[in-house]
Each structure stands twice: as structure tokens, then as C-alpha cells.
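The file input34.cif contains mmCIF, C-alpha atoms:
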data_target
#
loop_
_atom_site.label_atom_id
_atom_site.label_comp_id
_atom_site.auth_asym_id
_atom_site.auth_seq_id
_atom_site.Cartn_x
_atom_site.Cartn_y
_atom_site.Cartn_z
CA MET A 1 -31.31 -1.65 -44.28
CA THR A 2 -27.74 -0.55 -43.73
CA ASP A 3 -24.59 -2.61 -43.46
CA THR A 4 -24.38 -1.88 -39.74
CA SER A 5 -27.80 -3.32 -39.01
CA ILE A 6 -26.94 -6.50 -40.91
CA ASN A 7 -23.76 -7.06 -38.93
CA THR A 8 -24.96 -6.08 -35.46
CA ASN A 9 -25.15 -9.68 -34.22
CA ALA A 10 -21.68 -10.49 -35.53
CA TYR A 11 -20.24 -7.80 -33.26
CA GLU A 12 -21.55 -9.31 -30.06
CA ASP A 13 -18.51 -11.51 -29.51
CA GLU A 14 -16.08 -8.95 -30.86
CA ALA A 15 -12.61 -9.08 -29.32
CA GLN A 16 -12.06 -6.92 -26.28
CA PHE A 17 -8.69 -5.63 -25.12
CA GLY A 18 -8.39 -8.60 -22.75
CA ASP A 19 -8.66 -11.04 -25.67
CA TYR A 20 -5.64 -9.48 -27.35
CA PHE A 21 -3.81 -9.53 -24.02
CA ALA A 22 -4.69 -13.24 -23.65
CA LEU A 23 -2.83 -13.87 -26.94
CA LEU A 24 0.36 -13.01 -25.07
CA LYS A 25 -0.12 -15.96 -22.66
CA PRO A 26 -0.02 -13.89 -19.44
CA ARG A 27 0.67 -16.92 -17.21
CA VAL A 28 3.74 -17.89 -19.21
CA MET A 29 4.71 -14.21 -19.25
CA SER A 30 4.66 -14.11 -15.44
CA LEU A 31 7.25 -16.93 -15.37
CA VAL A 32 9.33 -15.08 -17.97
CA VAL A 33 9.19 -11.86 -15.91
CA PHE A 34 10.15 -13.63 -12.71
CA THR A 35 13.08 -15.65 -14.10
CA ALA A 36 14.41 -12.69 -16.13
CA PHE A 37 14.20 -10.56 -12.97
CA VAL A 38 16.27 -13.16 -11.08
CA GLY A 39 18.77 -13.23 -13.97
CA VAL A 40 19.22 -9.43 -13.80
CA LEU A 41 19.60 -9.35 -10.01
CA ALA A 42 21.83 -12.42 -9.70
CA ALA A 43 24.37 -10.95 -12.14
CA PRO A 44 27.49 -9.43 -10.58
CA VAL A 45 26.95 -6.09 -12.37
CA ALA A 46 24.45 -3.57 -10.96
CA VAL A 47 21.85 -2.24 -13.39
CA HIS A 48 19.98 1.06 -13.05
CA PRO A 49 16.53 0.14 -11.64
CA PHE A 50 14.63 1.83 -14.47
CA ILE A 51 16.77 0.15 -17.15
CA ALA A 52 16.19 -3.18 -15.38
CA PHE A 53 12.43 -2.54 -15.21
CA ALA A 54 12.18 -1.55 -18.89
CA SER A 55 14.40 -4.46 -20.01
CA ILE A 56 12.32 -7.03 -18.13
CA LEU A 57 9.18 -5.48 -19.64
CA PHE A 58 10.63 -5.82 -23.16
CA ILE A 59 11.68 -9.43 -22.45
CA ALA A 60 8.10 -10.11 -21.28
CA ILE A 61 6.66 -8.47 -24.42
CA GLY A 62 9.00 -10.58 -26.57
CA GLY A 63 7.87 -13.70 -24.72
CA GLY A 64 4.24 -12.63 -25.15
CA ALA A 65 4.78 -12.00 -28.86
CA SER A 66 6.12 -15.53 -29.32
CA GLY A 67 3.01 -16.76 -27.46
CA ALA A 68 0.78 -14.92 -29.95
CA LEU A 69 2.69 -16.41 -32.89
CA ASN A 70 2.42 -19.86 -31.29
CA MET A 71 -1.37 -19.41 -30.92
CA TRP A 72 -1.60 -18.31 -34.56
CA TRP A 73 0.28 -21.39 -35.76
CA ASP A 74 -1.34 -23.89 -33.37
CA ALA A 75 -4.97 -22.69 -33.67
CA ASP A 76 -6.00 -26.05 -35.18
CA ILE A 77 -4.49 -28.01 -32.27
CA ASP A 78 -5.87 -25.57 -29.69
CA ALA A 79 -9.40 -26.02 -31.07
CA VAL A 80 -9.25 -29.76 -30.33
CA MET A 81 -7.72 -29.72 -26.84
CA LYS A 82 -9.99 -29.11 -23.85
CA ARG A 83 -7.33 -27.08 -22.07
CA THR A 84 -6.91 -24.63 -24.97
CA ARG A 85 -10.17 -24.49 -26.87
CA ASN A 86 -11.26 -21.24 -25.18
CA ARG A 87 -8.17 -19.37 -26.37
CA PRO A 88 -8.94 -16.22 -28.40
CA ILE A 89 -8.39 -17.73 -31.88
CA PRO A 90 -10.18 -21.12 -31.61
CA SER A 91 -13.08 -19.43 -29.80
CA GLY A 92 -13.41 -17.03 -32.76
CA ARG A 93 -12.88 -13.80 -30.83
CA VAL A 94 -9.59 -12.89 -32.56
CA ALA A 95 -8.87 -13.50 -36.26
CA PRO A 96 -5.70 -15.56 -36.98
CA ASP A 97 -4.28 -12.78 -39.15
CA ASP A 98 -4.67 -10.30 -36.29
CA ALA A 99 -2.72 -12.62 -33.98
CA LEU A 100 0.02 -12.98 -36.61
CA ALA A 101 0.26 -9.21 -37.04
CA ILE A 102 0.36 -8.57 -33.29
CA GLY A 103 2.96 -11.30 -32.77
CA LEU A 104 5.28 -10.06 -35.52
CA ALA A 105 4.93 -6.38 -34.58
CA LEU A 106 5.55 -6.99 -30.88
CA SER A 107 8.52 -9.30 -31.62
CA VAL A 108 10.31 -6.61 -33.62
CA PHE A 109 9.33 -3.93 -31.09
CA ALA A 110 10.58 -5.95 -28.09
CA VAL A 111 13.93 -6.89 -29.68
CA VAL A 112 14.71 -3.37 -30.92
CA PHE A 113 13.71 -1.72 -27.64
CA LEU A 114 15.66 -4.23 -25.54
CA GLY A 115 18.71 -3.50 -27.70
CA LEU A 116 18.28 0.24 -27.19
CA ALA A 117 17.47 0.00 -23.47
CA ALA A 118 20.12 -2.58 -22.46
CA ASN A 119 22.48 -4.03 -25.06
CA TRP A 120 22.43 -5.97 -28.33
CA VAL A 121 23.65 -9.24 -26.82
CA ALA A 122 20.47 -9.39 -24.71
CA ALA A 123 18.41 -8.31 -27.74
CA GLY A 124 20.03 -11.02 -29.88
CA LEU A 125 19.24 -13.66 -27.26
CA LEU A 126 15.62 -12.46 -27.14
CA ALA A 127 15.36 -12.61 -30.94
CA PHE A 128 16.80 -16.14 -30.89
CA THR A 129 14.34 -17.16 -28.15
CA ILE A 130 11.37 -15.97 -30.21
CA PHE A 131 12.73 -17.72 -33.30
CA PHE A 132 13.38 -20.90 -31.33
CA TYR A 133 9.91 -21.01 -29.76
CA VAL A 134 7.97 -20.16 -32.90
CA VAL A 135 9.97 -21.79 -35.71
CA ILE A 136 11.99 -24.58 -34.09
CA TYR A 137 9.44 -25.65 -31.46
CA SER A 138 5.94 -24.69 -32.70
CA MET A 139 6.39 -25.08 -36.46
CA TRP A 140 8.87 -27.92 -36.56
CA LEU A 141 9.37 -30.09 -33.47
CA LYS A 142 5.97 -30.01 -31.76
CA ARG A 143 4.14 -32.01 -34.44
CA TRP A 144 7.09 -34.13 -35.50
CA THR A 145 8.96 -35.67 -32.57
CA PRO A 146 8.17 -36.86 -29.03
CA GLN A 147 11.31 -34.97 -28.01
CA ASN A 148 9.30 -31.76 -28.69
CA ILE A 149 9.08 -30.92 -25.00
CA VAL A 150 12.76 -31.60 -24.34
CA ILE A 151 14.18 -29.38 -27.07
CA GLY A 152 11.30 -26.89 -27.04
CA GLY A 153 11.86 -26.39 -23.32
CA ALA A 154 14.93 -24.38 -24.24
CA ALA A 155 12.70 -21.51 -25.35
CA GLY A 156 11.25 -21.15 -21.86
CA ALA A 157 14.72 -21.46 -20.34
CA PHE A 158 16.27 -18.43 -22.02
CA PRO A 159 14.73 -15.55 -19.95
CA PRO A 160 17.16 -15.71 -16.97
CA MET A 161 20.03 -15.85 -19.46
CA ILE A 162 18.65 -12.75 -21.22
CA GLY A 163 18.27 -11.03 -17.83
CA TRP A 164 21.89 -11.88 -17.01
CA ALA A 165 22.97 -10.50 -20.41
CA VAL A 166 21.04 -7.27 -19.70
CA ALA A 167 23.32 -6.73 -16.69
CA THR A 168 26.63 -8.11 -17.94
CA GLY A 169 26.37 -7.82 -21.73
CA GLY A 170 27.39 -11.46 -22.09
CA VAL A 171 26.89 -15.11 -21.24
CA SER A 172 28.61 -17.00 -18.42
CA ILE A 173 28.58 -20.39 -16.68
CA GLU A 174 26.07 -19.13 -14.08
CA SER A 175 23.58 -17.94 -16.68
CA VAL A 176 23.99 -21.22 -18.57
CA LEU A 177 23.24 -23.10 -15.32
CA MET A 178 20.05 -21.08 -14.76
CA PHE A 179 19.11 -21.92 -18.36
CA ALA A 180 19.90 -25.59 -17.74
CA LEU A 181 17.78 -25.65 -14.59
CA ILE A 182 14.62 -24.67 -16.51
CA PHE A 183 15.62 -26.74 -19.53
CA MET A 184 15.94 -29.96 -17.48
CA TRP A 185 12.84 -29.14 -15.41
CA THR A 186 10.53 -28.75 -18.42
CA PRO A 187 10.31 -32.41 -19.58
CA PRO A 188 9.24 -33.98 -16.25
CA HIS A 189 6.84 -31.05 -15.70
CA PHE A 190 5.08 -31.51 -19.06
CA TRP A 191 5.22 -35.30 -19.13
CA ALA A 192 3.45 -35.41 -15.75
CA LEU A 193 0.79 -33.13 -17.30
CA ALA A 194 0.58 -35.40 -20.35
CA LEU A 195 0.01 -38.42 -18.09
CA PHE A 196 -3.17 -37.00 -16.56
CA MET A 197 -4.39 -34.89 -19.53
CA ARG A 198 -3.87 -37.79 -21.89
CA SER A 199 -6.90 -37.62 -24.16
CA ASP A 200 -6.07 -33.99 -24.99
CA TYR A 201 -2.75 -34.69 -26.68
CA ASP A 202 -4.07 -37.93 -28.25
CA ASP A 203 -7.03 -36.09 -29.80
CA ALA A 204 -4.85 -33.29 -31.15
CA GLY A 205 -2.35 -35.73 -32.70
CA VAL A 206 0.59 -34.09 -30.94
CA PRO A 207 3.33 -36.74 -30.71
CA MET A 208 3.81 -36.57 -26.95
CA LEU A 209 5.96 -39.29 -25.45
CA THR A 210 2.82 -40.78 -23.88
CA VAL A 211 1.36 -41.29 -27.37
CA THR A 212 4.44 -42.45 -29.29
CA HIS A 213 6.37 -44.52 -26.76
CA GLY A 214 3.66 -45.36 -24.27
CA ARG A 215 2.94 -44.37 -20.74
CA ARG A 216 5.44 -46.78 -19.15
CA ALA A 217 8.27 -45.15 -21.13
CA THR A 218 7.02 -41.71 -20.05
CA ARG A 219 7.19 -42.72 -16.39
CA ASN A 220 10.77 -43.97 -16.93
CA HIS A 221 11.72 -40.74 -18.67
CA ILE A 222 10.28 -38.61 -15.84
CA LEU A 223 12.46 -40.45 -13.32
CA ALA A 224 15.61 -40.23 -15.49
CA TYR A 225 15.21 -36.49 -16.11
CA THR A 226 14.43 -35.84 -12.44
CA VAL A 227 17.67 -37.57 -11.37
CA LEU A 228 19.68 -35.47 -13.86
CA LEU A 229 17.82 -32.33 -12.78
CA ALA A 230 18.57 -33.00 -9.10
CA ALA A 231 22.31 -33.34 -9.82
CA LEU A 232 22.28 -30.11 -11.80
CA ALA A 233 20.17 -28.16 -9.29
CA ILE A 234 22.29 -29.19 -6.31
CA GLY A 235 25.52 -28.66 -8.28
CA THR A 236 24.45 -25.05 -8.97
CA SER A 237 24.72 -24.44 -5.19
CA PHE A 238 28.49 -24.32 -5.51
CA THR A 239 28.66 -21.62 -8.18
CA SER A 240 28.55 -17.86 -7.65
CA VAL A 241 24.72 -17.74 -7.86
CA GLY A 242 24.40 -20.42 -5.15
CA GLY A 243 25.17 -20.50 -1.44
CA PRO A 244 23.96 -22.08 1.82
CA VAL A 245 20.36 -20.82 1.45
CA TYR A 246 20.13 -22.11 -2.11
CA LEU A 247 21.72 -25.43 -1.11
CA ALA A 248 19.19 -25.94 1.72
CA VAL A 249 16.26 -25.19 -0.63
CA ALA A 250 17.73 -27.41 -3.37
CA LEU A 251 18.31 -30.35 -1.00
CA VAL A 252 14.75 -30.30 0.36
CA LEU A 253 12.98 -29.74 -2.96
CA ASN A 254 15.06 -32.21 -4.92
CA ALA A 255 14.47 -34.88 -2.28
CA LEU A 256 10.68 -34.26 -2.58
CA PHE A 257 10.83 -34.11 -6.37
CA LEU A 258 12.84 -37.36 -6.58
CA LYS A 259 10.37 -39.05 -4.26
CA GLY A 260 7.50 -37.85 -6.50
CA ALA A 261 9.28 -39.17 -9.61
CA VAL A 262 9.92 -42.54 -7.96
CA ASP A 263 6.23 -42.72 -6.94
CA ILE A 264 5.19 -42.08 -10.57
CA TRP A 265 7.72 -44.64 -11.82
CA ARG A 266 6.46 -47.35 -9.45
CA ARG A 267 2.80 -46.89 -10.43
CA ASP A 268 1.02 -48.46 -13.37
CA GLU A 269 -2.05 -47.28 -15.27
CA GLU A 270 -4.48 -49.31 -13.21
CA LEU A 271 -3.28 -47.77 -9.99
CA SER A 272 -3.22 -44.25 -11.47
CA GLU A 273 -6.72 -44.47 -12.86
CA ALA A 274 -8.02 -45.80 -9.54
CA ASP A 275 -7.10 -42.55 -7.75
CA ASN A 276 -7.51 -40.28 -10.80
CA PHE A 277 -3.76 -39.74 -11.24
CA ALA A 278 -3.27 -38.33 -7.74
CA ALA A 279 0.52 -38.86 -7.69
CA GLU A 280 0.94 -37.38 -11.19
CA ARG A 281 -1.15 -34.32 -10.29
CA LYS A 282 0.78 -33.87 -7.03
CA PHE A 283 4.10 -34.09 -8.90
CA PHE A 284 2.91 -31.50 -11.44
CA LYS A 285 1.90 -29.07 -8.66
CA LEU A 286 5.20 -29.69 -6.86
CA SER A 287 7.08 -28.94 -10.10
CA LEU A 288 5.65 -25.40 -10.10
CA LEU A 289 6.79 -24.83 -6.51
CA TYR A 290 10.14 -26.49 -7.32
CA LEU A 291 11.11 -24.01 -10.03
CA PHE A 292 9.74 -20.98 -8.21
CA ALA A 293 11.58 -21.84 -4.97
CA HIS A 294 14.92 -22.43 -6.72
CA PHE A 295 14.78 -19.02 -8.36
CA VAL A 296 13.64 -17.35 -5.13
CA ALA A 297 16.67 -18.95 -3.46
CA ILE A 298 18.98 -17.53 -6.16
CA LEU A 299 17.32 -14.15 -5.59
CA VAL A 300 17.85 -14.41 -1.81
CA GLU A 301 21.53 -15.27 -2.34
CA ALA A 302 21.86 -12.25 -4.66
CA GLY A 303 20.19 -10.03 -2.03
CA LEU A 304 22.48 -11.34 0.74
CA THR A 305 25.54 -10.81 -1.46
CA ARG A 306 24.71 -7.10 -1.62
CA PHE A 307 25.22 -7.06 2.17
CA GLY A 308 28.31 -9.24 2.01
CA LEU A 309 26.44 -12.29 3.34
CA GLY A 310 25.57 -14.36 0.27
CA GLY A 311 27.42 -17.21 -1.39
CA TRP A 312 30.18 -19.26 0.24
CA ALA A 313 32.59 -16.40 0.91
CA MET B 1 -23.95 13.20 -38.29
CA SER B 2 -22.65 15.84 -35.96
CA PHE B 3 -19.17 15.37 -34.56
CA GLY B 4 -20.32 15.12 -30.94
CA GLN B 5 -22.89 12.38 -31.50
CA GLN B 6 -21.96 9.05 -29.89
CA HIS B 7 -21.95 6.29 -32.47
CA GLU B 8 -22.64 2.71 -31.45
CA ILE B 9 -19.08 1.72 -32.41
CA HIS B 10 -17.68 4.19 -29.86
CA LYS B 11 -19.52 2.43 -27.07
CA ARG B 12 -18.63 -1.02 -28.35
CA ARG B 13 -14.97 -0.28 -28.82
CA PHE B 14 -14.53 1.81 -25.65
CA GLY B 15 -12.62 -0.92 -23.77
CA ARG B 16 -10.27 -1.56 -26.67
CA ASN B 17 -9.65 2.13 -27.31
CA LEU B 18 -9.00 2.80 -23.64
CA GLY B 19 -6.57 -0.15 -23.48
CA VAL B 20 -4.63 0.96 -26.56
CA GLY B 21 -4.56 4.54 -25.21
CA LEU B 22 -3.13 3.43 -21.88
CA VAL B 23 -0.54 1.22 -23.59
CA LEU B 24 0.61 4.12 -25.78
CA ALA B 25 0.77 6.46 -22.76
CA ALA B 26 2.86 3.86 -20.90
CA LEU B 27 5.18 3.51 -23.91
CA ILE B 28 5.75 7.28 -23.98
CA ALA B 29 6.49 7.25 -20.23
CA ILE B 30 8.98 4.38 -20.61
CA VAL B 31 10.81 5.92 -23.58
CA PHE B 32 10.96 9.25 -21.72
CA GLY B 33 12.25 7.53 -18.57
CA LEU B 34 14.91 5.61 -20.51
CA THR B 35 16.03 8.81 -22.21
CA VAL B 36 16.34 10.64 -18.89
CA VAL B 37 18.36 7.80 -17.32
CA LYS B 38 20.68 7.38 -20.30
CA VAL B 39 21.31 11.11 -20.81
CA THR B 40 21.88 11.87 -17.12
CA ARG B 41 24.38 9.04 -16.67
CA GLY B 42 26.30 10.16 -19.77
CA ASP B 43 25.62 7.34 -22.23
CA TYR B 44 25.56 9.83 -25.08
CA GLU B 45 28.59 11.91 -24.12
CA PRO B 46 31.23 11.91 -26.88
CA ALA B 47 34.26 9.75 -26.08
CA ARG B 48 37.07 11.59 -24.26
CA ALA B 49 39.58 11.03 -27.09
CA GLU B 50 37.23 12.59 -29.61
CA VAL B 51 36.78 15.68 -27.42
CA GLN B 52 40.54 16.19 -27.23
CA ASN B 53 40.85 16.01 -31.01
#
Turn the structure described in the file into C-alpha cells.
Amino acid sequence: MTDTSINTNAYEDEAQFGDYFALLKPRVMSLVVFTAFVGVLAAPVAVHPFIAFASILFIAIGGGASGALNMWWDADIDAVMKRTRNRPIPSGRVAPDDALAIGLALSVFAVVFLGLAANWVAAGLLAFTIFFYVVIYSMWLKRWTPQNIVIGGAAGAFPPMIGWAVATGGVSIESVLMFALIFMWTPPHFWALALFMRSDYDDAGVPMLTVTHGRRATRNHILAYTVLLAALAIGTSFTSVGGPVYLAVALVLNALFLKGAVDIWRRDEELSEADNFAAERKFFKLSLLYLFAHFVAILVEAGLTRFGLGGWA
Amino acid sequence: MSFGQQHEIHKRRFGRNLGVGLVLAALIAIVFGLTVVKVTRGDYEPARAEVQN
């Protein structure tokens, strides 16, 4: 009997290329690509299309690398939660050490190549984003404080700022506002998810607000953050990335989002369980459209500006 | 074992090998493209002051 014949069965669930790709969290990567793309195009400096394409690709790879490192660190939590137990590491298809190696290698690759393709300000921001997501959020805050989502949300908010830096080589009020839009959007988005996926976070021992401060407090927090977000989102209309199109989109979506937050705030657990968290699920779905539409509106304003039609001028 | 003989591991790892191959080919294309763009727009031209010296 040879070694190969002994191990044949062990190879049956061997990782395929798609499993390694799944380590990069493709769905999160699609958000990173989209918001970084908007950041590049909304900037007042034109970028060569190929440089823009390559830069966005490297930002996406950097985001994916931080996803792989997050999966390596959080494999124990992922194994407990229903939503994540089929990820490549908890399902046993990819070894934790492989995920660590891929995450580290791709992080260095993405930062160095973004620096070479665009500039070192953008590369520095990407390096900080990876550090923030992996070390500050995953390793430190996530298991320690119910504010994990609030502060950790910053990691997901950096891509448009990096995109802006690719074009301009710096940071400005507009790029900070795009950052702030995602930063303020993240808590209500995830707290709504935590309200209807409650047993998941409880089982994993992640100190979500729902677990530490109760579900009533979470509903209050969702409303408070949504009010602040609405002020910020509508205020952005009057900067150079905004304009009439953006203002119209912001007014409609923020009115809907505020109504959703008020609905969640007025409900109690009995009511929510009776209709299987219908309002919370609806708010969560709306939050996806909310962010997408705001960035599309910024993109439309940027497109119109190229023809002298965008903004308030 | 002759060189041409297909081993079981070749079949099993075909998807992975093909994926890595395509990724490497794409990387070469991107680095080549970046080089063409940067050289043609003069990113690597010496600064004018240096030329005069």
C-alpha cells in the first residue's frame, strides 16, 4: 500500500480555486470595488483609465487580503455562526495557515503595487485599512466591545477615500465625507442584521449591542445613528461631489430610511417575533439600496460635471 | 513513470492549476499595461533641470 492510496479519501474535499477565492470575501470586495471606483471618478483630477483600473484592482485585492486574514483569525467564531459556518476554513476545505499566508502575501502585494501604479498616499491608506480591519477590528474590538461595529465600520469606509487619493494624491473634505457616509451607515445596517440573526451572535459570544445592552437599546441606537446619517448624507449634497441629482436621491432615500428606523424603534420584541422581524429585514434590505444609490448619485454628478452639467454651478 | 503519463494529482488539481495560471497571466498583462502607460506618458523621463546640467 502506498501513501497515495491511504490518503485518497482525504483528498475528496480538497480546496478548489474557488475556495481560495472565497477567502477574499467576494461580496465585500464588490462593495470595495464600487465605492473605490466612485472615489476615483468623483475626484477633480482625471486618471488614465488603465491606471484607474489597475488601482481599483489592487484596492480590491487589498480588501480581499484583509478578508482572508479576518477569516483566519475568526475561524472559531465562524464555525459557530449559521451564516458563516460554510466558509472555507470552518468547513475544513482550506487550512488556517494557508489563509494566513494568502492574506499576508496579498496584503503586501496589493500595497506595493498600488504604490507603484498610483501613489504612496493611496498605498499608505490601503495599508492602514488592512491594519485597521485585521488588527483593530478583528483582533481587538470585535470580541471586546459592543462598539465593535461602530469603530470597525471605518475599515469598510476607506475605499472611496483611497480611490480619491489615487486620483489626487491626497485627502480632502469630499473624500472624508464619502468615508463618513459609509462609516455612519454601517452601525444601523449591522444592528438591523443583529436584531433578526440574534442567536448567531449570542452563540458565538460576540459582544454585539443586542447581547450586551439589550434589544431595546439597539433599536434606540439604530434610530439615533440614522438621524445623524441623514444629516450627513443630505449635507454632502452641498459639497463638490454633490448636486441636484444627489440631493434628490438623498432626500428620498433618507426619508425612507428614517421611516424604517422609526418603525424599528416603535416595535417591541413581541411584535417583531409575530411577523418574523419583517420591519428589521426590510430596513436591512433598504440599507443596501441606500448606500448603493448614494454612491451612484455621486457617480452621476461626476459624469455630469465632465459635460459641465454637474454640481451647483 | 514516463513524463507524459497523467497522474491522478494532475486531474485533481487541474482547476487550481488553471486558476493560478490565469491569475499569473493577468498579472503579467497588468504589469505590462502599467509599464506602457507610464513610459508613454513620460513618468520616467529625467527632470528637465537634470537634463540641462
Distance-based interface of chain A with chain B, 9 Å, counting all atoms listed in the file, as a ChimeraX atom specification:
/A:11-12,14-18,48,50-51,54,117
With C-alpha atoms retained, write the just-selected residues as a compact mmCIF listing (two decimals), in the coordinates of the input.
# COMPACT_ATOMS: atom_id res chain seq x y z
CA TYR A 11 -20.24 -7.80 -33.26
CA GLU A 12 -21.55 -9.31 -30.06
CA GLU A 14 -16.08 -8.95 -30.86
CA ALA A 15 -12.61 -9.08 -29.32
CA GLN A 16 -12.06 -6.92 -26.28
CA PHE A 17 -8.69 -5.63 -25.12
CA GLY A 18 -8.39 -8.60 -22.75
CA HIS A 48 19.98 1.06 -13.05
CA PHE A 50 14.63 1.83 -14.47
CA ILE A 51 16.77 0.15 -17.15
CA ALA A 54 12.18 -1.55 -18.89
CA ALA A 117 17.47 0.00 -23.47
Run the PyMOL selection byres ((chain A and resi 105) around 12) on the file and write out the hits as a count of residues only.
21
For Val80 (chain A), which residue out of A:Gly92, A:Ser199, A:Leu41, A:Ile130 is the nearest one, using all atoms listed in the file?
A:Ser199
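One finds CA of Gly303 (chain A) at 15.4 Å from CA of Ser237 (chain A).
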Just how far from CA of Tyr246 (chain A) is CA of Phe307 (chain A), in Å to one decimal?
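Taking CA of Phe307 (chain A) and CA of Tyr246 (chain A), their separation equals 16.5 Å.
Taking CA of His294 (chain A) and CA of Ala180 (chain A) as endpoints, the distance between them is 12.5 Å.
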If you count all atoms listed in the file, which residues fall within 9 Å of Glu269 (chain A), apart from same-chain ones fewer than 4 positions away, as number ranges by chain?
A: 215-216, 273-274, 277
Tell me, as a list in words, which residues lie within 9 Å of Ala123 (chain A), counting all atoms listed in the file; anything in the same chain fewer than 6 positions away does not count.
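Skipping anything fewer than 6 positions along the chain leaves Ile59, Ala110, Val111, Val112, Phe113, Leu114, Gly115, Leu116, Ile162, Ala165 and Val166 of chain A.
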When the PyMOL selection byres ((chain A and resi 200) around 8) is applied to the structure above, which residues does it catch, written out as a ChimeraX atom specification?
/A:80-83,197-199,201-204
Enumerate, as a JSON list (two decimals) with C-alpha atoms, in the coordinates of the input, the protein, DNA and RNA residues whose atoms approach (19.1, -11.9, -14.0) to within 9 Å, taking into account all atoms listed in the file and the coordinate frame of the file.
[["chain", "number", "residue", "atom", "x", "y", "z"],
["A", 35, "THR", "CA", 13.08, -15.65, -14.10],
["A", 36, "ALA", "CA", 14.41, -12.69, -16.13],
["A", 37, "PHE", "CA", 14.20, -10.56, -12.97],
["A", 38, "VAL", "CA", 16.27, -13.16, -11.08],
["A", 39, "GLY", "CA", 18.77, -13.23, -13.97],
["A", 40, "VAL", "CA", 19.22, -9.43, -13.80],
["A", 41, "LEU", "CA", 19.60, -9.35, -10.01],
["A", 42, "ALA", "CA", 21.83, -12.42, -9.70],
["A", 43, "ALA", "CA", 24.37, -10.95, -12.14],
["A", 159, "PRO", "CA", 14.73, -15.55, -19.95],
["A", 160, "PRO", "CA", 17.16, -15.71, -16.97],
["A", 161, "MET", "CA", 20.03, -15.85, -19.46],
["A", 162, "ILE", "CA", 18.65, -12.75, -21.22],
["A", 163, "GLY", "CA", 18.27, -11.03, -17.83],
["A", 164, "TRP", "CA", 21.89, -11.88, -17.01],
["A", 165, "ALA", "CA", 22.97, -10.50, -20.41],
["A", 166, "VAL", "CA", 21.04, -7.27, -19.70],
["A", 167, "ALA", "CA", 23.32, -6.73, -16.69],
["A", 175, "SER", "CA", 23.58, -17.94, -16.68],
["A", 299, "LEU", "CA", 17.32, -14.15, -5.59]]
Expected selection from the PyMOL selection byres ((chain A and resi 135) around 12), given as a list in words:
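On this input, the PyMOL selection byres ((chain A and resi 135) around 12) captures Ser66, Gly67, Leu69, Asn70, Trp73, Asp74, Ala127, Phe128, Thr129, Ile130, Phe131, Phe132, Tyr133, Val134, Ile136, Tyr137, Ser138, Met139, Trp140, Leu141, Lys142, Arg143, Gly152 and Ala155 of chain A.
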Could you save the residues just selected, with C-alpha atoms, as a PDB file, in the frame of the given file?
ATOM      1  CA  SER A  66       6.120 -15.530 -29.320  1.00  0.00           C
ATOM      2  CA  GLY A  67       3.010 -16.760 -27.460  1.00  0.00           C
ATOM      3  CA  LEU A  69       2.690 -16.410 -32.890  1.00  0.00           C
ATOM      4  CA  ASN A  70       2.420 -19.860 -31.290  1.00  0.00           C
ATOM      5  CA  TRP A  73       0.280 -21.390 -35.760  1.00  0.00           C
ATOM      6  CA  ASP A  74      -1.340 -23.890 -33.370  1.00  0.00           C
ATOM      7  CA  ALA A 127      15.360 -12.610 -30.940  1.00  0.00           C
ATOM      8  CA  PHE A 128      16.800 -16.140 -30.890  1.00  0.00           C
ATOM      9  CA  THR A 129      14.340 -17.160 -28.150  1.00  0.00           C
ATOM     10  CA  ILE A 130      11.370 -15.970 -30.210  1.00  0.00           C
ATOM     11  CA  PHE A 131      12.730 -17.720 -33.300  1.00  0.00           C
ATOM     12  CA  PHE A 132      13.380 -20.900 -31.330  1.00  0.00           C
ATOM     13  CA  TYR A 133       9.910 -21.010 -29.760  1.00  0.00           C
ATOM     14  CA  VAL A 134       7.970 -20.160 -32.900  1.00  0.00           C
ATOM     15  CA  ILE A 136      11.990 -24.580 -34.090  1.00  0.00           C
ATOM     16  CA  TYR A 137       9.440 -25.650 -31.460  1.00  0.00           C
ATOM     17  CA  SER A 138       5.940 -24.690 -32.700  1.00  0.00           C
ATOM     18  CA  MET A 139       6.390 -25.080 -36.460  1.00  0.00           C
ATOM     19  CA  TRP A 140       8.870 -27.920 -36.560  1.00  0.00           C
ATOM     20  CA  LEU A 141       9.370 -30.090 -33.470  1.00  0.00           C
ATOM     21  CA  LYS A 142       5.970 -30.010 -31.760  1.00  0.00           C
ATOM     22  CA  ARG A 143       4.140 -32.010 -34.440  1.00  0.00           C
ATOM     23  CA  GLY A 152      11.300 -26.890 -27.040  1.00  0.00           C
ATOM     24  CA  ALA A 155      12.700 -21.510 -25.350  1.00  0.00           C
TER      25      ALA A 155
END
